[in-house]
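Novice: Structure file data17.txt (compact mmCIF, C-alpha atoms) is given on the next line.
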# COMPACT_ATOMS: atom_id res chain seq x y z
CA MET B 13 -27.53 -3.39 -4.13
CA LYS B 14 -24.93 -0.67 -4.33
CA ILE B 15 -22.57 -0.96 -7.28
CA SER B 16 -19.35 0.94 -7.02
CA SER B 17 -17.37 1.89 -10.10
CA VAL B 18 -14.26 2.48 -8.02
CA GLN B 19 -12.22 -0.67 -7.63
CA GLU B 20 -10.85 -1.09 -4.12
CA LYS B 21 -7.07 -1.16 -3.89
CA SER B 22 -5.46 -4.33 -2.64
CA ARG B 23 -3.12 -4.06 0.32
CA GLY B 24 -0.83 -6.63 1.88
CA ILE B 25 2.44 -7.58 3.50
CA LEU B 26 5.53 -8.79 1.63
CA LEU B 27 8.29 -10.80 3.29
CA PHE B 28 11.54 -12.15 1.83
CA ALA B 29 13.11 -15.27 3.37
CA PHE B 30 15.94 -17.45 2.07
CA ASN B 31 17.19 -20.20 4.35
CA THR B 32 20.89 -20.62 5.04
CA SER B 33 22.69 -23.62 6.48
CA GLU B 34 22.58 -21.94 9.91
CA ILE B 35 19.23 -20.15 10.04
CA ASP B 36 15.70 -21.16 9.06
CA TYR B 37 14.58 -17.73 7.84
CA VAL B 38 11.34 -19.13 6.44
CA GLU B 39 10.31 -20.29 9.92
CA ILE B 40 11.09 -16.80 11.28
CA ALA B 41 9.01 -15.32 8.44
CA ARG B 42 6.16 -17.73 9.23
CA ARG B 43 6.06 -16.55 12.85
CA SER B 44 6.38 -12.90 11.83
CA ALA B 45 3.58 -13.38 9.29
CA ARG B 46 1.24 -14.67 11.98
CA LEU B 47 1.88 -11.59 14.11
CA VAL B 48 1.45 -9.08 11.29
CA ASN B 49 -1.63 -10.83 9.95
CA HIS B 50 -3.16 -10.88 13.41
CA THR B 51 -2.32 -7.22 14.11
CA LEU B 52 -3.13 -5.61 10.76
CA ASN B 53 -5.54 -8.18 9.32
CA LEU B 54 -3.73 -8.09 5.98
CA PRO B 55 -2.68 -10.98 3.72
CA VAL B 56 0.98 -11.98 3.66
CA THR B 57 3.02 -12.99 0.62
CA LEU B 58 6.38 -14.69 1.02
CA ILE B 59 9.16 -14.43 -1.54
CA THR B 60 11.50 -17.41 -1.29
CA GLU B 61 13.34 -19.84 -3.54
CA GLN B 62 12.29 -23.00 -5.34
CA GLY B 63 12.40 -26.12 -3.24
CA THR B 64 11.51 -24.36 0.00
CA THR B 65 8.60 -25.72 1.99
CA ALA B 66 6.60 -22.62 2.79
CA ASP B 67 3.17 -23.05 4.32
CA GLY B 68 1.42 -20.56 6.57
CA PHE B 69 1.33 -17.70 4.04
CA ASP B 70 -1.49 -16.42 1.85
CA GLN B 71 0.74 -16.55 -1.22
CA VAL B 72 4.25 -17.78 -1.95
CA VAL B 73 6.33 -16.51 -4.87
CA TYR B 74 9.44 -18.45 -5.83
CA ILE B 75 12.51 -16.77 -7.32
CA ASP B 76 16.19 -17.56 -7.81
CA ASN B 77 18.31 -15.75 -5.26
CA THR B 78 21.87 -15.92 -6.47
CA LEU B 79 23.56 -13.17 -4.44
CA GLN B 80 26.44 -14.56 -2.37
CA ASN B 81 26.78 -12.37 0.68
CA TYR B 82 28.05 -12.61 4.24
CA LYS B 83 27.56 -10.85 7.55
CA ILE B 84 30.45 -8.82 8.87
CA GLY B 85 31.51 -9.97 12.33
CA GLU B 86 29.55 -13.20 12.07
CA ARG B 87 30.17 -16.44 10.29
CA GLY B 88 27.83 -17.66 7.66
CA ALA B 89 25.88 -16.56 4.64
CA TRP B 90 23.53 -13.59 4.41
CA ARG B 91 21.07 -14.00 1.57
CA ASN B 92 19.66 -10.51 1.55
CA GLY B 93 19.72 -9.81 -2.18
CA ASP B 94 16.93 -9.20 -4.67
CA ARG B 95 14.81 -7.00 -2.43
CA TRP B 96 14.69 -4.66 -5.41
CA GLN B 97 12.33 -7.12 -7.07
CA ALA B 98 9.68 -6.41 -4.45
CA TYR B 99 7.95 -3.87 -6.69
CA ASN B 100 7.34 -6.36 -9.50
CA LEU B 101 6.74 -9.38 -7.26
CA SER B 102 4.22 -7.78 -4.93
CA PRO B 103 0.66 -8.83 -5.80
CA TYR B 104 -0.71 -5.77 -4.00
CA ASP B 105 -1.43 -2.18 -5.06
CA GLU B 106 -0.25 -1.04 -1.63
CA THR B 107 2.52 -3.05 -0.01
CA ILE B 108 4.16 -3.12 3.41
CA LEU B 109 7.57 -4.69 2.84
CA ILE B 110 9.14 -5.75 6.13
CA ASP B 111 12.11 -7.80 7.27
CA SER B 112 10.99 -11.01 8.91
CA ASP B 113 12.68 -9.93 12.16
CA TYR B 114 10.39 -6.88 12.41
CA LEU B 115 7.51 -7.81 14.69
CA VAL B 116 4.31 -5.89 14.00
CA LEU B 117 2.40 -5.50 17.24
CA ASP B 118 0.55 -2.22 16.70
CA GLN B 119 -1.43 -0.59 13.88
CA ASN B 120 0.49 2.65 13.41
CA LEU B 121 1.77 1.70 9.93
CA LEU B 122 -1.80 1.78 8.61
CA LYS B 123 -2.05 5.51 9.39
CA LEU B 124 0.51 6.17 6.65
CA PHE B 125 -1.70 4.73 3.92
CA GLU B 126 -4.12 7.60 4.40
CA GLN B 127 -1.59 9.93 2.75
CA ASP B 128 -0.64 10.32 -0.86
CA PHE B 129 2.86 8.88 -1.33
CA ASP B 130 4.95 6.70 -3.60
CA TYR B 131 7.01 5.05 -0.88
CA ARG B 132 7.90 5.48 2.78
CA ILE B 133 11.11 4.17 4.37
CA MET B 134 12.01 3.84 8.04
CA THR B 135 14.37 6.71 8.77
CA HIS B 136 14.91 6.75 12.53
CA ASN B 137 16.05 3.82 14.60
CA ASP B 138 16.42 3.64 18.38
CA LYS B 139 18.07 1.07 20.57
CA PRO B 140 16.68 0.84 24.10
CA ALA B 141 19.65 2.88 25.27
CA GLY B 142 19.02 5.71 22.79
CA ALA B 143 19.07 6.88 19.18
CA TRP B 144 20.93 4.82 16.62
CA ALA B 145 21.89 7.23 13.86
CA LEU B 146 24.50 5.69 11.64
CA ASN B 147 26.35 6.79 8.55
CA MET B 148 27.37 4.49 5.72
CA GLY B 149 30.97 5.55 6.31
CA LEU B 150 33.02 8.33 7.83
CA PHE B 151 31.94 10.71 5.06
CA GLY B 152 28.92 8.71 3.93
CA LEU B 153 25.22 9.43 4.08
CA GLN B 154 23.18 8.76 7.20
CA TYR B 155 21.41 5.62 6.24
CA LEU B 156 17.78 4.64 6.11
CA TRP B 157 16.46 1.32 7.36
CA ALA B 158 15.09 -1.00 4.68
CA THR B 159 13.54 -3.01 7.53
CA VAL B 160 10.21 -1.31 6.79
CA ILE B 161 9.20 0.09 3.41
CA LEU B 162 5.68 1.00 2.34
CA PHE B 163 5.08 1.51 -1.35
CA ARG B 164 2.40 1.93 -3.95
CA LYS B 165 2.51 0.84 -7.57
CA THR B 166 3.51 4.20 -9.01
CA PRO B 167 6.19 5.12 -11.57
CA HIS B 168 8.24 6.89 -8.87
CA ALA B 169 8.22 3.85 -6.56
CA ASN B 170 9.06 1.65 -9.55
CA MET B 171 12.04 3.89 -10.23
CA LEU B 172 13.23 3.50 -6.62
CA PHE B 173 13.23 -0.30 -6.82
CA ASP B 174 14.81 -0.33 -10.30
CA LEU B 175 17.55 1.92 -8.98
CA VAL B 176 18.14 -0.39 -6.00
CA GLY B 177 18.51 -3.26 -8.50
CA ARG B 178 21.07 -1.26 -10.45
CA ILE B 179 22.94 -0.48 -7.21
CA GLN B 180 22.95 -4.17 -6.23
CA ARG B 181 24.34 -5.16 -9.65
CA ASN B 182 27.05 -2.48 -9.48
CA TYR B 183 27.64 -2.53 -5.73
CA HIS B 184 31.43 -2.41 -5.95
CA TYR B 185 31.23 0.93 -7.79
CA TYR B 186 28.58 2.46 -5.51
CA SER B 187 30.33 1.34 -2.34
CA ARG B 188 33.36 3.40 -3.33
CA LEU B 189 31.39 6.32 -4.71
CA TYR B 190 29.45 6.67 -1.44
CA HIS B 191 32.41 5.97 0.87
CA MET B 192 30.83 2.95 2.46
CA ARG B 193 32.46 1.48 5.51
CA ASP B 194 31.07 -2.01 4.92
CA ARG B 195 31.71 -3.61 1.56
CA ASN B 196 29.15 -6.39 1.87
CA PHE B 197 25.79 -5.71 0.24
CA ARG B 198 23.25 -4.06 2.54
CA ASN B 199 19.71 -3.18 1.55
CA ASP B 200 19.81 -0.24 3.97
CA TYR B 201 22.65 1.30 1.98
CA ALA B 202 21.16 0.52 -1.43
CA PHE B 203 17.80 2.08 -0.55
CA THR B 204 19.53 5.10 1.03
CA ILE B 205 21.50 5.77 -2.15
CA ALA B 206 18.48 5.22 -4.40
CA ASP B 207 16.33 7.53 -2.27
CA ASN B 208 19.07 10.15 -2.27
CA ILE B 209 19.45 10.03 -6.06
CA LEU B 210 15.69 10.21 -6.64
CA ASN B 211 15.50 13.28 -4.44
CA GLY B 212 18.09 15.16 -6.48
CA TYR B 213 21.05 14.00 -4.37
CA GLN B 214 19.49 15.26 -1.16
CA PRO B 215 17.93 13.52 1.84
CA GLY B 216 14.41 12.56 0.86
CA GLU B 217 11.06 13.46 2.34
CA GLN B 218 9.73 9.93 2.09
CA GLY B 219 10.58 8.89 5.64
CA ILE B 220 8.35 7.34 8.25
CA PRO B 221 8.02 10.11 10.86
CA TRP B 222 8.54 7.98 13.93
CA SER B 223 11.30 5.74 15.25
CA MET B 224 11.76 2.01 15.06
CA LEU B 225 12.84 0.28 18.29
CA THR B 226 15.60 -2.28 17.71
CA PHE B 227 16.89 -4.92 20.09
CA ALA B 228 20.34 -5.70 18.72
CA ASP B 229 21.61 -7.86 21.61
CA VAL B 230 20.77 -11.44 22.50
CA VAL B 231 17.16 -11.65 23.68
CA THR B 232 16.22 -14.38 26.15
CA SER B 233 12.46 -13.82 26.39
CA ILE B 234 9.53 -11.59 25.47
CA THR B 235 6.27 -11.76 27.38
CA GLU B 236 3.17 -9.58 27.43
CA LYS B 237 0.86 -8.50 30.21
CA ASP B 238 -1.74 -5.71 30.13
CA ASP B 239 -0.43 -4.14 26.89
CA LEU B 240 3.11 -4.02 28.29
CA LEU B 241 5.94 -6.13 26.89
CA THR B 242 8.73 -7.45 29.08
CA VAL B 243 11.81 -7.90 26.93
CA LYS B 244 14.76 -9.64 28.60
CA GLU B 245 18.27 -9.58 27.27
CA ARG B 246 21.16 -11.45 28.89
CA GLU B 247 22.10 -8.55 31.14
CA LYS B 248 19.11 -6.23 31.07
CA GLY B 249 15.37 -6.17 31.00
CA TYR B 250 12.86 -3.66 29.67
CA LEU B 251 9.22 -2.99 30.37
CA ILE B 252 7.84 -1.27 27.30
CA PRO B 253 4.44 -0.55 25.76
CA ARG B 254 3.16 -3.01 23.20
CA GLN B 255 4.62 -1.77 19.91
CA ASN B 256 6.37 -2.83 16.74
CA ILE B 257 9.88 -4.04 17.51
CA HIS B 258 12.89 -5.07 15.48
CA VAL B 259 14.55 -8.11 17.06
CA MET B 260 17.89 -8.90 15.44
CA ASP B 261 18.63 -12.04 17.44
CA LYS B 262 17.65 -14.81 14.99
CA GLY B 263 18.35 -17.46 17.64
CA TYR B 264 15.61 -15.97 19.80
CA LEU B 265 13.18 -15.71 16.89
CA LEU B 266 13.56 -19.46 16.37
CA SER B 267 13.22 -20.28 20.08
CA ASP B 268 10.30 -21.96 21.84
CA ASN B 269 9.84 -18.84 23.95
CA PHE B 270 9.16 -16.77 20.84
CA ALA B 271 6.88 -19.47 19.42
CA ASN B 272 4.87 -19.28 22.67
CA PHE B 273 4.79 -15.48 22.48
CA VAL B 274 3.37 -15.66 18.94
CA GLU B 275 0.82 -18.26 20.02
CA SER B 276 -0.39 -16.25 23.00
CA THR B 277 -0.47 -12.96 21.07
CA CYS B 278 -2.47 -14.43 18.21
CA ALA B 279 -4.87 -16.16 20.60
CA ASN B 280 -6.02 -12.81 22.03
CA MET T 11 23.70 -20.01 44.87
CA SER T 12 25.96 -17.72 46.93
CA ASP T 13 24.87 -14.29 48.17
CA LEU T 14 27.14 -12.66 45.62
CA GLU T 15 25.61 -14.70 42.79
CA LYS T 16 22.11 -13.82 44.00
CA LEU T 17 23.03 -10.15 44.07
CA THR T 18 24.47 -10.37 40.56
CA GLN T 19 21.31 -12.06 39.36
CA GLU T 20 19.18 -9.33 40.93
CA ILE T 21 21.22 -6.59 39.24
CA ARG T 22 20.91 -8.33 35.87
CA LEU T 23 17.16 -8.45 36.21
CA ALA T 24 16.88 -4.86 37.36
CA THR T 25 15.12 -2.66 34.86
CA ASN T 26 16.01 0.96 34.34
CA TYR T 27 13.03 3.21 34.94
CA GLN T 28 14.54 6.08 32.95
CA VAL T 29 15.07 3.87 29.89
CA ASN T 30 11.57 2.40 30.09
CA LYS T 31 10.13 5.88 30.54
CA ARG T 32 11.93 7.17 27.46
CA ILE T 33 10.78 4.21 25.32
CA LEU T 34 7.21 4.73 26.52
CA ARG T 35 7.39 8.41 25.62
CA GLU T 36 8.66 7.58 22.12
CA LYS T 37 5.75 5.19 21.59
CA ILE T 38 3.28 7.82 22.73
CA GLN T 39 4.80 10.35 20.31
CA THR T 40 4.11 7.81 17.55
CA ASP T 41 0.58 7.16 18.75
CA LEU T 42 -0.18 10.89 18.81
CA HIS T 43 -0.18 11.01 14.99
CA VAL T 44 -3.59 11.19 13.35
CA PRO T 45 -4.32 11.00 9.63
CA TYR T 46 -6.74 13.60 8.32
CA ASN T 47 -7.81 14.48 4.79
CA GLY T 48 -4.69 13.06 3.18
CA GLY T 49 -2.36 14.61 5.74
CA LEU T 50 -0.72 13.39 8.93
CA PHE T 51 -0.84 15.53 12.07
CA LYS T 52 0.86 15.05 15.40
CA VAL T 53 -1.64 16.10 18.04
CA SER T 54 -0.20 18.52 20.59
CA PRO T 55 -1.62 21.03 23.07
CA GLU T 56 -0.48 23.75 20.65
CA LEU T 57 -2.42 22.25 17.75
CA ILE T 58 -5.55 21.88 19.87
CA ALA T 59 -5.24 25.45 21.19
CA PHE T 60 -4.71 26.78 17.67
CA LEU T 61 -7.73 24.94 16.28
CA ASN T 62 -9.81 26.09 19.22
CA SER T 63 -8.93 29.74 18.80
CA TRP T 64 -9.02 30.12 14.99
CA ASP T 65 -12.04 32.08 13.83
CA THR T 66 -12.87 30.48 10.47
CA ASP T 67 -14.08 26.95 9.86
CA GLU T 68 -12.00 26.16 6.82
CA LEU T 69 -8.26 26.67 6.59
CA PHE T 70 -5.02 25.12 5.40
CA LEU T 71 -2.65 23.63 7.94
CA GLU T 72 0.88 22.28 7.57
CA ASP T 73 1.13 18.58 8.37
CA THR T 74 4.04 16.38 9.52
CA TYR T 75 5.26 16.06 5.93
CA GLN T 76 5.26 19.85 5.47
CA ASN T 77 2.29 19.77 3.11
CA PRO T 78 -0.58 22.27 3.37
CA VAL T 79 -3.75 20.31 4.04
CA LYS T 80 -7.28 21.69 3.76
CA ILE T 81 -9.07 21.17 7.04
CA ASN T 82 -12.45 21.60 8.56
CA ARG T 83 -11.48 23.20 11.87
CA LYS T 84 -14.25 21.77 14.05
CA GLU T 85 -13.92 18.30 12.59
CA LEU T 86 -10.16 18.14 13.12
CA LEU T 87 -10.48 19.73 16.56
CA ASN T 88 -12.90 17.03 17.69
CA LYS T 89 -10.71 14.33 16.27
CA CYS T 90 -7.59 15.76 17.94
CA ARG T 91 -9.30 16.20 21.29
CA GLU T 92 -10.56 12.62 21.37
CA HIS T 93 -7.27 11.21 20.19
CA TYR T 94 -5.22 13.32 22.60
CA GLN T 95 -7.30 12.36 25.61
CA MET T 96 -7.22 8.66 24.76
CA THR T 97 -3.45 8.64 24.12
CA MET T 98 -2.61 10.65 27.23
CA ASN T 99 -4.76 8.36 29.37
CA THR T 100 -2.84 5.39 28.00
CA TRP T 101 0.44 7.17 28.68
CA HIS T 102 -0.54 7.90 32.27
CA GLY T 103 -1.72 4.34 32.93
CA GLN T 104 1.36 2.72 31.44
CA HIS T 105 3.67 5.19 33.14
CA GLU T 106 2.20 4.24 36.50
CA ASP T 107 2.88 0.58 35.69
CA ILE T 108 6.51 1.07 34.68
CA LYS T 109 7.13 3.38 37.66
CA ARG T 110 6.33 0.52 40.00
CA ALA T 111 8.51 -2.00 38.20
CA ARG T 112 12.02 -2.21 39.54
CA LYS T 113 12.92 -5.58 38.13
CA VAL T 114 11.61 -7.81 35.39
Here is the file; what I need is its structure written in the form of structure tokens.
Specialist:
Amino acid sequence: MKISSVQEKSRGILLFAFNTSEIDYVEIARRSARLVNHTLNLPVTLITEQGTTADGFDQVVYIDNTLQNYKIGERGAWRNGDRWQAYNLSPYDETILIDSDYLVLDQNLLKLFEQDFDYRIMTHNDKPAGAWALNMGLFGLQYLWATVILFRKTPHANMLFDLVGRIQRNYHYYSRLYHMRDRNFRNDYAFTIADNILNGYQPGEQGIPWSMLTFADVVTSITEKDDLLTVKEREKGYLIPRQNIHVMDKGYLLSDNFANFVESTCAN
Amino acid sequence: MSDLEKLTQEIRLATNYQVNKRILREKIQTDLHVPYNGGLFKVSPELIAFLNSWDTDELFLEDTYQNPVKINRKELLNKCREHYQMTMNTWHGQHEDIKRARKV
């Protein structure tokens, strides 16, 4: 019997989901968790609040989410706070923190864990029609996408998340300091500022080197055949290779069509 | 359904080859990355040609994150060749599929 003195590092997925009166985010997270678990074969931990029924995850951590937020241009609450606690709440040495509307359908994220890093944040985002480079404001920084963050339990990563917590608590101040266009709290902005500060007030080198593909419009169906996905929006359709996609339409993610897509994908 | 409505429906379901082609290319650029000895390299014809022509077996090479990574030339060359061929085959096969698709 071979006895190793080196303890293997734990690795897993972390999702945050807080239901609102309009959207069952925990159900979206449950579906997303099935996909990511099937694709990467990693355990999934959900962070949610007390009183939520949350089955279908390897672990559930309950916290109090008190941030009152809203989505610009849409009615209803947006309970996107407390992501900064991910560092302390993650039970893993190596964590992939993803939004529940990010669908993991390929294994490319695992390649990144073969490098030495503290954290990696999604830097480039594409819509089907082209690149989606956005600044926080007219004179603001080009922002990163907190949709996907990989991190290890290191002092530098700890500092990033602590800084994001400080930015959340003092968001009014930071929103003016960084000339933000939107005044509602956004994790993308908070992580961009924290990353910028940690890199000596310069764009960081902790980005994921490839783009994320985002479908921002209403999606009516996603189907798969021979490693190609057919994604239909109301007015357009796309035939794309099987890959990780960011689907912002929460209505679609709660639809029967998406439930069937998850079922069929996980059955293969 | 009137002819006009049918035509409108057809147009809505039409898929844009150029857009699909660009998305496919982006995915392939992602897939071309290979991790090696703590570094991340994007396999390209230039990288393969360089590794093939270099005359020593150990050297340092800059990776995607602009870090110098110690490499065993033959080992990385074999890895890059295999990965490149597999990824390009996938690209070709999927490109043929999307070329044929005019509507979804």
Novice: What gap, in Å, lies between CA of Ala279 (chain B) and CA of Ile257 (chain B)?
Specialist: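 Spanning CA of Ala279 (chain B) to CA of Ile257 (chain B) is a straight-line distance of 19.3 Å.
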Novice: Find the residues in chain B near chain T: any atom within 8 Å counts, using all atoms listed in the file. Write them as a list in words.
Specialist: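 Every residue meeting the condition is included here: Asn120, Lys123, Leu124, Glu126, Gln127, Asp128, Pro140, Ala141, Glu217, Pro221, Trp222, Ser223, Leu240, Thr242, Lys244, Arg246, Glu247, Lys248, Gly249, Tyr250, Leu251, Ile252, Pro253 and Gln255 of chain B.
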Novice: For Gly216 (chain B), work out the shell of residues within 7 Å, counting only C-alpha atoms and skipping chain neighbours fewer than 4 positions away, then give it as a count of residues only.
Specialist: 3
Novice: Any idea what's packed within 10 Å of Leu265 (chain B), counting only C-alpha atoms, ignoring anything in its chain fewer than 3 positions away? Could you give it as a list in words?
Specialist: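 Selected residues are Asp36, Tyr37, Glu39, Ile40, Ala41, Arg43, Ser44, Ser112, Asp113, Leu115, Val231, Thr232, Ser233, Val259, Met260, Asp261, Lys262, Asp268, Asn269, Phe270 and Ala271 of chain B.
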Novice: At a cut-off of 12 Å, using only C-alpha atoms, what residues contact Pro103 (chain B)? Leave out same-chain residues fewer than 6 positions from it and give the result as a ChimeraX atom specification.
Specialist: /B:21-26,55-59,70-73,97,109,164-165
Novice: Please provide the set of residues having any atom within 12 Å of Asn82 (chain T), restricted to only C-alpha atoms, with same-chain residues fewer than 5 positions apart removed, written as a PyMOL selection string.
Specialist: chain T and resi 46-47+61-62+64-71+87-89
Novice: Can you measure CA of Ile205 (chain B) to CA of Asp229 (chain B) for me? One decimal in Å is fine.
Specialist: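 Answer for the CA of Ile205 (chain B) to CA of Asp229 (chain B) separation: 27.4 Å.
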Novice: I'd like the neighbourhood of Leu162 (chain B) as a PyMOL selection string, where a residue qualifies if any of its atoms comes within 10 Å (using only C-alpha atoms), though same-chain residues fewer than 3 positions away should be ignored.
Specialist: chain B and resi 25-26+106-110+121-122+124-125+129-134+158+169+218-220
Novice: One number please: CA of Leu146 (chain B) to CA of Asn92 (chain B), in Å, one decimal.
Specialist: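 Those two atoms sit 19.7 Å apart.
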Novice: Which residue, B:Lys237, B:His168, B:Lys139, B:His191, has the smallest gap to Met224 (chain B) when you use all atoms listed in the file?
Specialist: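 Among the listed residues, the smallest separation from Met224 (chain B) belongs to B:Lys139.
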Novice: Restricting the calculation to only C-alpha atoms, which member of B:Leu52, B:Asn170, B:Phe69, B:Ile75 is positioned closest to Asn100 (chain B)?
Specialist: B:Asn170
Novice: T:Arg110, T:Arg91, T:Lys16, T:Lys80: which is nearest Val53 (chain T), counting only C-alpha atoms?
Specialist: T:Arg91
Novice: Could you give me, as a VMD selection string, the residues that sit within 6 Å of (-0.6, 19.7, 13.0) in the file's coordinates, counting only C-alpha atoms?
Specialist: chain T and resid 51 to 52 57 73
Novice: Which residue is closest to His258 (chain B)? Choose from B:Ala228, B:Ala45, B:Leu27, B:Ala143 and count only C-alpha atoms.
Specialist: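 When distances to His258 (chain B) are compared using only C-alpha atoms, the smallest one comes from B:Ala228.
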